[in-house]
>>> print(open('structure_14.txt').read())   # compact mmCIF, C-alpha atoms
# COMPACT_ATOMS: atom_id res chain seq x y z
CA MET V 1 -6.31 10.02 44.52
CA ALA V 2 -8.46 8.71 41.68
CA ILE V 3 -7.27 8.91 38.09
CA SER V 4 -9.32 10.81 35.51
CA ARG V 5 -12.54 9.29 34.20
CA SER V 6 -11.31 9.42 30.63
CA VAL V 7 -8.16 7.44 31.43
CA LYS V 8 -10.10 4.98 33.59
CA ASP V 9 -12.56 4.40 30.72
CA ALA V 10 -9.67 3.98 28.28
CA LEU V 11 -8.01 1.41 30.54
CA GLY V 12 -11.23 -0.58 30.59
CA SER V 13 -11.26 -0.81 26.80
CA SER V 14 -7.50 -0.90 26.26
CA SER V 15 -5.94 -2.18 23.06
CA MET V 16 -6.96 -5.72 22.15
CA ILE V 17 -3.62 -6.03 20.39
CA ARG V 18 -1.70 -5.52 23.62
CA ARG V 19 -4.11 -7.70 25.55
CA MET V 20 -3.56 -10.60 23.15
CA PHE V 21 0.20 -10.05 23.31
CA GLU V 22 0.12 -10.31 27.11
CA GLU V 23 -1.92 -13.50 26.85
CA GLY V 24 0.74 -14.81 24.49
CA ASN V 25 3.42 -14.17 27.12
CA LEU V 26 1.46 -16.25 29.63
CA LEU V 27 0.95 -19.09 27.16
CA ARG V 28 4.67 -19.10 26.30
CA LYS V 29 5.53 -19.53 29.98
CA GLN V 30 3.07 -22.43 30.27
CA HIS V 31 3.79 -24.27 27.03
CA GLY V 32 7.13 -23.02 25.70
CA ALA V 33 7.75 -20.41 23.01
CA ASP V 34 8.00 -22.93 20.17
CA LYS V 35 4.50 -24.29 20.89
CA VAL V 36 2.71 -20.91 20.83
CA PHE V 37 1.82 -19.32 17.48
CA ASP V 38 1.57 -15.65 18.36
CA PHE V 39 0.45 -13.47 15.44
CA SER V 40 -0.98 -10.68 17.59
CA LEU V 41 1.56 -7.85 17.62
CA GLY V 42 2.92 -5.99 14.61
CA ASN V 43 6.44 -5.81 16.02
CA PRO V 44 8.97 -5.96 13.14
CA ASP V 45 11.50 -8.72 13.71
CA VAL V 46 13.51 -8.28 10.49
CA GLU V 47 16.89 -6.77 11.31
CA PRO V 48 17.65 -3.21 10.16
CA PRO V 49 19.70 -3.06 6.94
CA PRO V 50 23.50 -3.44 7.39
CA ALA V 51 24.00 0.25 6.52
CA PHE V 52 22.17 1.20 9.72
CA HIS V 53 24.72 -0.59 11.89
CA GLN V 54 27.60 0.89 9.91
CA VAL V 55 26.36 4.46 10.34
CA PHE V 56 25.51 3.84 13.99
CA LEU V 57 29.02 2.57 14.73
CA ARG V 58 30.67 5.42 12.81
CA PHE V 59 28.77 8.04 14.78
CA ALA V 60 29.53 6.27 18.07
CA GLN V 61 33.25 6.08 17.27
CA GLU V 62 33.40 9.72 16.19
CA ASP V 63 31.64 10.69 19.39
CA ALA V 64 33.94 8.57 21.58
CA VAL V 65 37.13 10.25 20.30
CA GLY V 66 35.68 13.75 20.59
CA LYS V 67 35.41 14.30 16.85
CA THR V 68 31.89 15.69 17.22
CA ARG V 69 30.63 18.40 19.56
CA GLY V 70 27.12 19.40 20.59
CA VAL V 71 25.33 16.59 18.77
CA HIS V 72 23.58 15.41 21.94
CA GLY V 73 22.26 18.83 22.91
CA TYR V 74 19.05 20.58 22.04
CA MET V 75 18.49 21.54 18.44
CA PRO V 76 15.62 23.50 16.84
CA ASN V 77 12.32 21.82 17.81
CA PRO V 78 11.55 20.59 14.26
CA GLY V 79 14.96 18.90 14.01
CA PHE V 80 18.47 19.39 12.68
CA PRO V 81 18.31 21.60 9.55
CA ALA V 82 20.61 19.26 7.56
CA VAL V 83 18.44 16.26 8.48
CA ARG V 84 15.27 18.04 7.39
CA GLU V 85 16.89 18.95 4.07
CA ALA V 86 17.95 15.32 3.45
CA LEU V 87 14.49 13.95 4.22
CA ALA V 88 12.83 16.65 2.13
CA LYS V 89 14.66 15.22 -0.89
CA LYS V 90 13.50 11.69 -0.03
CA ALA V 91 9.90 12.79 0.52
CA SER V 92 9.95 14.82 -2.71
CA ARG V 93 10.84 11.68 -4.68
CA GLU V 94 8.15 9.61 -2.98
CA GLN V 95 5.37 12.20 -3.01
CA GLY V 96 5.88 13.77 -6.44
CA VAL V 97 6.17 17.33 -5.11
CA THR V 98 9.13 19.60 -4.41
CA LEU V 99 9.68 19.90 -0.66
CA GLU V 100 12.22 21.98 1.21
CA GLY V 101 13.62 21.29 4.64
CA SER V 102 11.10 23.71 6.15
CA HIS V 103 8.28 21.36 5.10
CA ILE V 104 9.68 18.54 7.27
CA ILE V 105 9.11 18.26 11.04
CA MET V 106 11.05 15.47 12.76
CA THR V 107 8.85 13.50 15.17
CA VAL V 108 8.89 10.88 17.90
CA GLY V 109 7.58 8.17 15.57
CA ALA V 110 4.38 8.33 13.54
CA ALA V 111 2.21 8.25 16.68
CA GLY V 112 4.01 11.33 17.96
CA GLY V 113 3.62 12.94 14.56
CA LEU V 114 -0.14 12.33 14.44
CA ASN V 115 -0.57 13.83 17.89
CA VAL V 116 1.39 16.89 16.80
CA VAL V 117 -0.81 17.26 13.70
CA PHE V 118 -4.08 16.92 15.61
CA LYS V 119 -2.91 19.28 18.36
CA THR V 120 -2.24 21.83 15.62
CA ILE V 121 -5.37 21.54 13.48
CA LEU V 122 -8.24 20.60 15.83
CA ASN V 123 -10.68 22.86 17.63
CA PRO V 124 -12.95 21.36 20.32
CA ALA V 125 -15.59 19.02 18.80
CA ASP V 126 -13.97 19.08 15.35
CA GLU V 127 -14.40 15.82 13.48
CA VAL V 128 -11.82 13.56 11.84
CA ILE V 129 -13.28 11.09 9.34
CA VAL V 130 -11.65 7.66 9.59
CA PRO V 131 -12.47 4.70 7.30
CA ARG V 132 -13.23 1.46 9.13
CA PRO V 133 -11.42 -0.81 10.00
CA PHE V 134 -8.67 1.27 11.54
CA PHE V 135 -5.95 1.29 14.20
CA MET V 136 -8.05 2.00 17.29
CA GLU V 137 -5.53 4.33 18.94
CA TYR V 138 -6.52 6.90 16.30
CA LYS V 139 -9.48 7.59 18.59
CA SER V 140 -7.12 8.50 21.40
CA TYR V 141 -4.85 10.59 19.20
CA VAL V 142 -7.83 12.63 18.01
CA GLY V 143 -9.52 12.71 21.43
CA ASN V 144 -6.32 13.89 23.09
CA HIS V 145 -6.86 17.23 21.38
CA GLY V 146 -10.61 17.68 21.72
CA GLY V 147 -11.58 16.07 18.42
CA ILE V 148 -14.11 13.36 17.58
CA VAL V 149 -13.54 10.42 15.25
CA ARG V 150 -16.32 10.01 12.68
CA GLU V 151 -16.19 6.42 11.41
CA VAL V 152 -17.21 5.51 7.87
CA GLU V 153 -17.39 2.13 6.19
CA THR V 154 -15.10 0.99 3.39
CA LEU V 155 -16.06 -0.98 0.28
CA PRO V 156 -16.15 -4.83 0.39
CA ASP V 157 -12.57 -4.92 -0.98
CA PHE V 158 -11.54 -2.40 1.73
CA ASN V 159 -10.92 0.40 -0.76
CA LEU V 160 -12.23 3.81 0.33
CA ASP V 161 -15.97 4.30 0.02
CA LEU V 162 -15.92 7.79 -1.46
CA ASP V 163 -19.70 8.19 -1.22
CA ALA V 164 -19.60 7.39 2.50
CA ILE V 165 -16.82 9.93 3.05
CA ALA V 166 -18.69 12.60 1.07
CA GLU V 167 -21.83 11.97 3.12
CA ALA V 168 -19.90 12.27 6.40
CA LEU V 169 -18.37 15.66 5.54
CA SER V 170 -19.69 18.68 7.39
CA GLU V 171 -18.57 22.11 8.54
CA LYS V 172 -17.09 20.35 11.58
CA THR V 173 -14.79 18.19 9.44
CA ALA V 174 -11.19 19.14 10.12
CA ALA V 175 -9.54 16.18 8.40
CA VAL V 176 -9.85 12.79 6.76
CA LEU V 177 -7.30 10.31 8.14
CA ILE V 178 -6.18 7.47 5.89
CA ASN V 179 -3.58 4.73 6.29
CA SER V 180 -1.95 3.10 3.24
CA PRO V 181 -0.60 0.43 3.09
CA HIS V 182 -3.30 -0.32 5.58
CA ASN V 183 -3.30 -1.83 9.05
CA PRO V 184 -5.07 -4.27 9.42
CA THR V 185 -6.17 -5.12 5.84
CA GLY V 186 -2.95 -4.66 3.85
CA ARG V 187 -4.87 -2.55 1.29
CA VAL V 188 -2.98 0.02 -0.79
CA TYR V 189 -5.27 2.83 -1.95
CA PRO V 190 -5.01 3.33 -5.74
CA ALA V 191 -3.92 6.67 -7.20
CA ALA V 192 -7.33 7.04 -8.86
CA THR V 193 -9.06 6.71 -5.48
CA LEU V 194 -6.82 9.39 -3.97
CA ARG V 195 -7.51 11.74 -6.88
CA ALA V 196 -11.26 11.20 -6.54
CA LEU V 197 -11.06 11.80 -2.79
CA ALA V 198 -9.13 15.03 -3.48
CA GLU V 199 -11.95 16.24 -5.74
CA ILE V 200 -14.51 15.56 -3.01
CA LEU V 201 -12.47 17.42 -0.38
CA SER V 202 -11.79 20.33 -2.74
CA ALA V 203 -15.51 20.65 -3.46
CA GLN V 204 -16.21 20.63 0.27
CA GLY V 205 -13.68 23.43 0.77
CA LYS V 206 -15.20 25.55 -1.98
CA LYS V 207 -18.68 25.05 -0.52
CA THR V 208 -17.87 25.76 3.14
CA GLY V 209 -14.68 27.82 2.98
CA ARG V 210 -12.94 25.20 5.11
CA TYR V 211 -10.76 22.74 3.22
CA PRO V 212 -10.45 19.49 5.20
CA PHE V 213 -6.90 18.27 5.61
CA LEU V 214 -6.05 14.87 4.17
CA VAL V 215 -3.76 13.29 6.76
CA ALA V 216 -1.94 10.14 5.60
CA ASP V 217 -0.48 7.79 8.20
CA GLU V 218 2.27 6.07 6.17
CA PRO V 219 4.64 3.97 8.32
CA TYR V 220 4.20 0.99 5.95
CA ARG V 221 4.81 3.05 2.77
CA GLU V 222 7.90 1.04 1.74
CA ILE V 223 6.51 -2.40 2.60
CA VAL V 224 4.45 -3.00 -0.51
CA TYR V 225 4.07 -5.99 -2.83
CA ILE V 226 2.28 -4.52 -5.84
CA SER V 227 3.95 -2.84 -8.79
CA GLY V 228 4.19 0.93 -8.68
CA GLY V 229 4.58 1.15 -4.91
CA THR V 230 2.37 3.29 -2.68
CA PRO V 231 0.65 6.11 -4.61
CA PRO V 232 1.56 9.56 -3.24
CA VAL V 233 -0.86 11.67 -1.25
CA LEU V 234 0.86 15.07 -1.37
CA SER V 235 0.70 15.29 -5.15
CA ALA V 236 -2.95 14.19 -5.14
CA TYR V 237 -4.39 16.94 -2.90
CA ARG V 238 -3.15 20.40 -2.02
CA HIS V 239 -4.23 20.36 1.63
CA SER V 240 -2.43 17.15 2.55
CA ILE V 241 -0.02 16.06 5.27
CA SER V 242 2.01 12.84 5.34
CA VAL V 243 3.10 11.34 8.66
CA THR V 244 5.58 8.48 8.58
CA SER V 245 8.20 6.69 10.65
CA TYR V 246 11.14 4.34 10.36
CA SER V 247 9.54 1.74 12.63
CA LYS V 248 8.77 -0.56 9.70
CA SER V 249 10.90 0.59 6.75
CA LEU V 250 14.14 0.32 8.78
CA SER V 251 12.82 -1.95 11.58
CA LEU V 252 13.40 0.69 14.27
CA PRO V 253 10.11 0.78 16.23
CA GLY V 254 11.82 1.21 19.59
CA GLU V 255 13.90 4.16 18.43
CA ARG V 256 10.79 6.34 17.92
CA ILE V 257 11.88 8.33 14.89
CA GLY V 258 9.72 9.68 12.09
CA TYR V 259 8.65 12.89 10.38
CA ILE V 260 5.77 15.00 9.13
CA ALA V 261 5.86 16.18 5.51
CA VAL V 262 3.61 19.15 4.70
CA ASN V 263 2.37 19.85 1.18
CA PRO V 264 4.19 23.01 0.01
CA GLY V 265 0.97 24.36 -1.53
CA ILE V 266 -1.14 23.99 1.59
CA GLN V 267 -3.34 26.87 2.70
CA ASP V 268 -1.83 29.05 5.46
CA GLU V 269 1.41 27.11 5.15
CA GLU V 270 3.44 29.35 7.46
CA ASP V 271 0.86 29.20 10.27
CA LEU V 272 0.55 25.42 9.95
CA LEU V 273 4.30 24.84 10.09
CA SER V 274 4.67 27.18 13.06
CA GLY V 275 1.83 25.36 14.79
CA LEU V 276 3.42 21.96 14.22
CA ILE V 277 6.70 23.19 15.68
CA TYR V 278 4.90 24.69 18.67
CA ALA V 279 2.91 21.48 19.26
CA THR V 280 6.11 19.41 19.13
CA ARG V 281 7.47 21.50 21.98
CA VAL V 282 4.43 21.83 24.24
CA LEU V 283 3.35 18.20 23.96
CA GLY V 284 6.62 17.40 25.69
CA TYR V 285 8.46 15.79 22.79
CA VAL V 286 10.74 18.87 22.57
CA ASN V 287 12.49 17.26 19.61
CA ALA V 288 12.91 13.87 17.96
CA PRO V 289 15.87 11.75 19.21
CA ALA V 290 19.07 13.47 18.08
CA LEU V 291 21.16 10.40 17.25
CA MET V 292 18.37 8.75 15.26
CA GLN V 293 17.77 11.95 13.30
CA ARG V 294 21.40 11.97 12.16
CA ILE V 295 21.33 8.26 11.30
CA VAL V 296 18.16 8.21 9.18
CA ALA V 297 19.37 11.24 7.23
CA GLU V 298 22.18 9.03 5.90
CA LEU V 299 19.87 6.12 5.06
CA THR V 300 17.43 7.75 2.64
CA GLU V 301 18.09 5.01 0.04
CA GLU V 302 17.88 2.10 2.49
CA SER V 303 15.04 -0.15 3.64
CA VAL V 304 14.52 -3.61 5.09
CA ASP V 305 14.31 -6.59 2.74
CA VAL V 306 10.63 -6.53 1.76
CA GLY V 307 11.13 -9.92 0.11
CA VAL V 308 11.27 -11.50 3.57
CA TYR V 309 7.78 -10.23 4.33
CA ALA V 310 6.52 -11.27 0.90
CA ARG V 311 7.68 -14.86 1.49
CA ARG V 312 6.04 -14.90 4.91
CA ARG V 313 2.82 -13.54 3.45
CA ASP V 314 2.77 -16.32 0.87
CA ALA V 315 3.53 -18.97 3.51
CA PHE V 316 0.71 -17.69 5.73
CA LYS V 317 -1.72 -17.56 2.81
CA THR V 318 -0.97 -21.23 2.16
CA VAL V 319 -1.63 -22.06 5.83
CA LEU V 320 -5.00 -20.28 5.80
CA ASP V 321 -5.94 -21.68 2.38
CA ASN V 322 -5.32 -25.24 3.59
CA ALA V 323 -7.30 -24.57 6.77
CA GLY V 324 -10.20 -23.08 4.79
CA ILE V 325 -10.05 -19.59 6.31
CA PRO V 326 -10.76 -16.78 3.79
CA TYR V 327 -8.86 -13.46 3.95
CA ALA V 328 -8.35 -10.14 2.17
CA GLU V 329 -5.40 -10.17 -0.25
CA PRO V 330 -2.66 -8.01 1.35
CA GLU V 331 -0.96 -5.56 -1.03
CA GLY V 332 1.35 -4.11 1.61
CA ALA V 333 2.22 -3.97 5.34
CA PHE V 334 2.57 -7.32 7.17
CA TYR V 335 -0.92 -8.40 8.18
CA LEU V 336 -3.52 -10.88 6.97
CA PHE V 337 -7.09 -9.79 7.69
CA ALA V 338 -9.11 -12.99 7.80
CA LYS V 339 -12.83 -13.63 7.91
CA ALA V 340 -14.00 -15.28 11.13
CA PRO V 341 -15.89 -18.50 10.26
CA GLY V 342 -19.45 -18.04 11.48
CA GLY V 343 -18.97 -14.29 11.87
CA ASP V 344 -18.20 -14.15 15.61
CA ASP V 345 -14.60 -12.92 15.76
CA GLY V 346 -14.40 -13.01 19.56
CA ALA V 347 -15.58 -16.61 19.76
CA PHE V 348 -13.26 -17.71 16.96
CA VAL V 349 -10.23 -16.00 18.51
CA ASN V 350 -10.97 -17.73 21.81
CA HIS V 351 -11.31 -21.05 19.96
CA LEU V 352 -7.92 -20.55 18.30
CA LYS V 353 -6.32 -19.93 21.71
CA GLN V 354 -7.16 -23.52 22.65
CA TYR V 355 -4.73 -24.49 19.88
CA LEU V 356 -2.18 -21.88 21.05
CA ILE V 357 -2.85 -19.60 18.08
CA LEU V 358 -3.15 -15.88 18.80
CA GLY V 359 -4.75 -13.31 16.52
CA VAL V 360 -6.57 -10.05 17.21
CA PRO V 361 -10.37 -9.78 16.87
CA GLY V 362 -11.53 -7.46 14.11
CA SER V 363 -13.70 -5.76 16.74
CA GLY V 364 -10.45 -4.22 18.00
CA PHE V 365 -10.26 -2.38 14.67
CA GLY V 366 -13.95 -1.52 14.45
CA LYS V 367 -14.70 -4.45 12.11
CA PRO V 368 -16.47 -7.36 13.84
CA GLY V 369 -16.51 -10.65 11.99
CA TRP V 370 -12.85 -10.46 11.03
CA LEU V 371 -9.50 -11.03 12.74
CA ARG V 372 -5.94 -9.91 12.12
CA PHE V 373 -2.81 -12.03 11.97
CA ALA V 374 0.59 -10.30 11.97
CA TYR V 375 3.21 -12.18 9.95
CA CYS V 376 6.28 -10.34 11.23
CA VAL V 377 7.46 -13.65 12.72
CA ASP V 378 9.85 -16.31 11.44
CA GLU V 379 8.65 -18.09 8.28
CA LEU V 380 9.37 -21.50 9.81
CA HIS V 381 7.10 -20.62 12.73
CA ILE V 382 4.34 -19.63 10.30
CA ARG V 383 4.64 -22.95 8.48
CA ALA V 384 4.72 -24.83 11.78
CA SER V 385 1.31 -23.38 12.68
CA ALA V 386 -0.41 -25.18 9.78
CA LEU V 387 -1.36 -28.27 11.77
CA ALA V 388 -2.74 -26.20 14.66
CA PHE V 389 -4.89 -24.14 12.27
CA LYS V 390 -6.17 -27.30 10.58
CA LYS V 391 -7.08 -28.93 13.89
CA ALA V 392 -8.79 -25.74 15.07
CA MET V 393 -10.97 -25.66 11.96
CA GLU V 394 -11.83 -29.35 12.25
CA THR V 395 -13.29 -28.77 15.71
CA TRP V 396 -14.91 -25.40 15.03
>>> encode(input="structure_14.txt", output="structure tokens")
Amino acid sequence: MAISRSVKDALGSSSMIRRMFEEGNLLRKQHGADKVFDFSLGNPDVEPPPAFHQVFLRFAQEDAVGKTRGVHGYMPNPGFPAVREALAKKASREQGVTLEGSHIIMTVGAAGGLNVVFKTILNPADEVIVPRPFFMEYKSYVGNHGGIVREVETLPDFNLDLDAIAEALSEKTAAVLINSPHNPTGRVYPAATLRALAEILSAQGKKTGRYPFLVADEPYREIVYISGGTPPVLSAYRHSISVTSYSKSLSLPGERIGYIAVNPGIQDEEDLLSGLIYATRVLGYVNAPALMQRIVAELTEESVDVGVYARRRDAFKTVLDNAGIPYAEPEGAFYLFAKAPGGDDGAFVNHLKQYLILGVPGSGFGKPGWLRFAYCVDELHIRASALAFKKAMETW
């Protein structure tokens, strides 16, 4: 029996990130892992903070001796009440608003959270405005629930182009989706930009009677190199929703744990929260992983050592500087978005592969002419790539 057309089409244009990663696996088999410089996949390799292991072991030991009961069973779909209360306090500090546990929905990572949000807020053919470049699976997350991604350009420095967003707004606009710190550019949107965006969205709501949601995808929120951290979204705009995960901040991507934080002043708050809980259930998540919920609730003051990523960023910048490859200055996350010499990102990525260097074409993020390097790899490996980059540029 044939699979659906939509899935078949999606398989034909599947993630360039994953494709490059698979190519890297083949090259490692042929040449050895130490000879291949794979900067394709944003898979955090920094170990979780020591407190994670301590809490994990404590819970396991308590469980083994029968000290706890019922902690592996079903709980309310939005999560354990005590966990939601703990994370509401954390999110309140970060977002500059006062949240209660009821404003937190525990999710199966940020990807799960975004799907829950779009299931809840989208009607068929509703539009979600997304600044370009962007993580291409956003198209699937929106399309899964009958929506359409409306792409808009960003400014040359990759800050939001507020005029472009304003022009793209219509009565079909259900939401604007932003990601800060940003994948792939490393841009952190300034507080002033968020406030100006809020004014535009508020004006649109007053004009049409439909206030677009501002949905912030924030898994990199705590990996930031500029002073002041990541400016909050919830305190900038009333109709805002933050979706985050512990994939990067605690280096737990495989554990699939995150949460949605809903602005307490949002319109039709009760209906929205009920809808998010319903969507969590009917999408098949049922609830976020029970053990991970309990663990992250005890780690609200913990994060990975961001200094490790900062040193890798600086090492990679030196490599690209010496090779003569320009890039956007990353303010957060763990990516360098570099300009493809000559403007053909596909050709340049293929050229780099001859020197066993793997990056992802900017076309995979909706931005041809650029390419992304992920520096969540050992610093020594980054430094070791310098000669390969230099040779690649000499023959380009």
>>> closest_atom_pairs(input="structure_14.txt", of="region 263-343 of chain V", to="region 75-98 of chain V", cutoff="6 Å", atoms="all atoms listed in the file", output="tab-separated table")
residue	atom	partner	partner_atom	distance
V:Ile277	CA	V:Pro78	CA	5.7
V:Val286	CA	V:Asn77	CA	5.8
V:Asn287	CA	V:Asn77	CA	4.9
V:Ala297	CA	V:Val83	CA	5.3
>>> closest_residue(input="structure_14.txt", among="V:Glu151, V:Glu167, V:Asp217, V:Glu331", to="Lys367 (chain V)", atoms="all atoms listed in the file")
V:Glu151
>>> residues_near_point(input="structure_14.txt", point="(-16.9, 17.1, 8.1)", cutoff="10 Å", atoms="only C-alpha atoms", output="ChimeraX atom specification")
/V:126-129,150,165-176,201,204,210-212
>>> atom_distance(input="structure_14.txt", atom1="CA of Ser102 (chain V)", atom2="CA of Leu273 (chain V)")
7.9 Å
>>> atom_distance(input="structure_14.txt", atom1="CA of Pro264 (chain V)", atom2="CA of Leu122 (chain V)")
20.3 Å
>>> closest_residue(input="structure_14.txt", among="V:Ala347, V:Leu283, V:Ala388, V:Ala164", to="Asn322 (chain V)", atoms="all atoms listed in the file")
V:Ala388
>>> atom_distance(input="structure_14.txt", atom1="CA of Gln30 (chain V)", atom2="CA of Asp378 (chain V)")
20.9 Å
>>> closest_atom_pairs(input="structure_14.txt", of="region 116-191 of chain V", to="region 351-362 of chain V", cutoff="10 Å", atoms="all atoms listed in the file", output="Markdown table")
| residue | atom | partner | partner_atom | distance |
| --- | --- | --- | --- | --- |
| V:Pro133 | CA | V:Gly362 | CA | 7.8 |
| V:Phe134 | CA | V:Gly362 | CA | 9.5 |
| V:Pro184 | CA | V:Gly362 | CA | 8.6 |
>>> closest_residue(input="structure_14.txt", among="V:Phe373, V:Tyr259, V:Tyr278, V:Tyr189", to="Gly332 (chain V)", atoms="only C-alpha atoms")
V:Tyr189
>>> residues_around(input="structure_14.txt", residues="Val304 (chain V)", least_positions_apart="6", cutoff="7 Å", atoms="only C-alpha atoms", output="NGL selection string")
:V and (48-49 or 249-251)
>>> residues_near_point(input="structure_14.txt", point="(3.9, -17.8, 14.8)", cutoff="12 Å", atoms="only C-alpha atoms", output="PyMOL selection string")
chain V and resi 24+28+33-42+45+312+315-316+319+356-359+373-386+388-389
>>> write_last_selection(input="structure_14.txt", atoms="C-alpha atoms", output="tab-separated table (two decimals), keeping the file's coordinate frame")
chain	number	residue	atom	x	y	z
V	24	GLY	CA	0.74	-14.81	24.49
V	28	ARG	CA	4.67	-19.10	26.30
V	33	ALA	CA	7.75	-20.41	23.01
V	34	ASP	CA	8.00	-22.93	20.17
V	35	LYS	CA	4.50	-24.29	20.89
V	36	VAL	CA	2.71	-20.91	20.83
V	37	PHE	CA	1.82	-19.32	17.48
V	38	ASP	CA	1.57	-15.65	18.36
V	39	PHE	CA	0.45	-13.47	15.44
V	40	SER	CA	-0.98	-10.68	17.59
V	41	LEU	CA	1.56	-7.85	17.62
V	42	GLY	CA	2.92	-5.99	14.61
V	45	ASP	CA	11.50	-8.72	13.71
V	312	ARG	CA	6.04	-14.90	4.91
V	315	ALA	CA	3.53	-18.97	3.51
V	316	PHE	CA	0.71	-17.69	5.73
V	319	VAL	CA	-1.63	-22.06	5.83
V	356	LEU	CA	-2.18	-21.88	21.05
V	357	ILE	CA	-2.85	-19.60	18.08
V	358	LEU	CA	-3.15	-15.88	18.80
V	359	GLY	CA	-4.75	-13.31	16.52
V	373	PHE	CA	-2.81	-12.03	11.97
V	374	ALA	CA	0.59	-10.30	11.97
V	375	TYR	CA	3.21	-12.18	9.95
V	376	CYS	CA	6.28	-10.34	11.23
V	377	VAL	CA	7.46	-13.65	12.72
V	378	ASP	CA	9.85	-16.31	11.44
V	379	GLU	CA	8.65	-18.09	8.28
V	380	LEU	CA	9.37	-21.50	9.81
V	381	HIS	CA	7.10	-20.62	12.73
V	382	ILE	CA	4.34	-19.63	10.30
V	383	ARG	CA	4.64	-22.95	8.48
V	384	ALA	CA	4.72	-24.83	11.78
V	385	SER	CA	1.31	-23.38	12.68
V	386	ALA	CA	-0.41	-25.18	9.78
V	388	ALA	CA	-2.74	-26.20	14.66
V	389	PHE	CA	-4.89	-24.14	12.27
>>> residues_around(input="structure_14.txt", residues="Met292 (chain V)", least_positions_apart="3", cutoff="12 Å", atoms="only C-alpha atoms", output="PDB file with C-alpha atoms, in the coordinates of the input")
ATOM      1  CA  PHE V  52      22.170   1.200   9.720  1.00  0.00           C
ATOM      2  CA  HIS V  53      24.720  -0.590  11.890  1.00  0.00           C
ATOM      3  CA  VAL V  55      26.360   4.460  10.340  1.00  0.00           C
ATOM      4  CA  PHE V  56      25.510   3.840  13.990  1.00  0.00           C
ATOM      5  CA  PHE V  59      28.770   8.040  14.780  1.00  0.00           C
ATOM      6  CA  ALA V  60      29.530   6.270  18.070  1.00  0.00           C
ATOM      7  CA  VAL V  71      25.330  16.590  18.770  1.00  0.00           C
ATOM      8  CA  HIS V  72      23.580  15.410  21.940  1.00  0.00           C
ATOM      9  CA  GLY V  79      14.960  18.900  14.010  1.00  0.00           C
ATOM     10  CA  PHE V  80      18.470  19.390  12.680  1.00  0.00           C
ATOM     11  CA  VAL V  83      18.440  16.260   8.480  1.00  0.00           C
ATOM     12  CA  MET V 106      11.050  15.470  12.760  1.00  0.00           C
ATOM     13  CA  THR V 107       8.850  13.500  15.170  1.00  0.00           C
ATOM     14  CA  VAL V 108       8.890  10.880  17.900  1.00  0.00           C
ATOM     15  CA  GLY V 109       7.580   8.170  15.570  1.00  0.00           C
ATOM     16  CA  SER V 245       8.200   6.690  10.650  1.00  0.00           C
ATOM     17  CA  TYR V 246      11.140   4.340  10.360  1.00  0.00           C
ATOM     18  CA  SER V 247       9.540   1.740  12.630  1.00  0.00           C
ATOM     19  CA  LEU V 250      14.140   0.320   8.780  1.00  0.00           C
ATOM     20  CA  LEU V 252      13.400   0.690  14.270  1.00  0.00           C
ATOM     21  CA  PRO V 253      10.110   0.780  16.230  1.00  0.00           C
ATOM     22  CA  GLY V 254      11.820   1.210  19.590  1.00  0.00           C
ATOM     23  CA  GLU V 255      13.900   4.160  18.430  1.00  0.00           C
ATOM     24  CA  ARG V 256      10.790   6.340  17.920  1.00  0.00           C
ATOM     25  CA  ILE V 257      11.880   8.330  14.890  1.00  0.00           C
ATOM     26  CA  GLY V 258       9.720   9.680  12.090  1.00  0.00           C
ATOM     27  CA  TYR V 259       8.650  12.890  10.380  1.00  0.00           C
ATOM     28  CA  ASN V 287      12.490  17.260  19.610  1.00  0.00           C
ATOM     29  CA  ALA V 288      12.910  13.870  17.960  1.00  0.00           C
ATOM     30  CA  PRO V 289      15.870  11.750  19.210  1.00  0.00           C
ATOM     31  CA  ILE V 295      21.330   8.260  11.300  1.00  0.00           C
ATOM     32  CA  VAL V 296      18.160   8.210   9.180  1.00  0.00           C
ATOM     33  CA  ALA V 297      19.370  11.240   7.230  1.00  0.00           C
ATOM     34  CA  GLU V 298      22.180   9.030   5.900  1.00  0.00           C
ATOM     35  CA  LEU V 299      19.870   6.120   5.060  1.00  0.00           C
TER      36      LEU V 299
END
>>> closest_residue(input="structure_14.txt", among="V:Pro131, V:Gly275, V:Gly265, V:Gly66", to="Ala216 (chain V)", atoms="only C-alpha atoms")
V:Pro131
>>> closest_residue(input="structure_14.txt", among="V:Tyr138, V:His145, V:Arg313, V:Glu23", to="Asn350 (chain V)", atoms="only C-alpha atoms")
V:Glu23
>>> axis_aligned_box(input="structure_14.txt", around="region 37-56 of chain V", padding_each_side="6 Å", output="JSON")
{"center_x": 13.3, "center_y": -7.4, "center_z": 12.4, "size_x": 40.6, "size_y": 35.8, "size_z": 23.8}
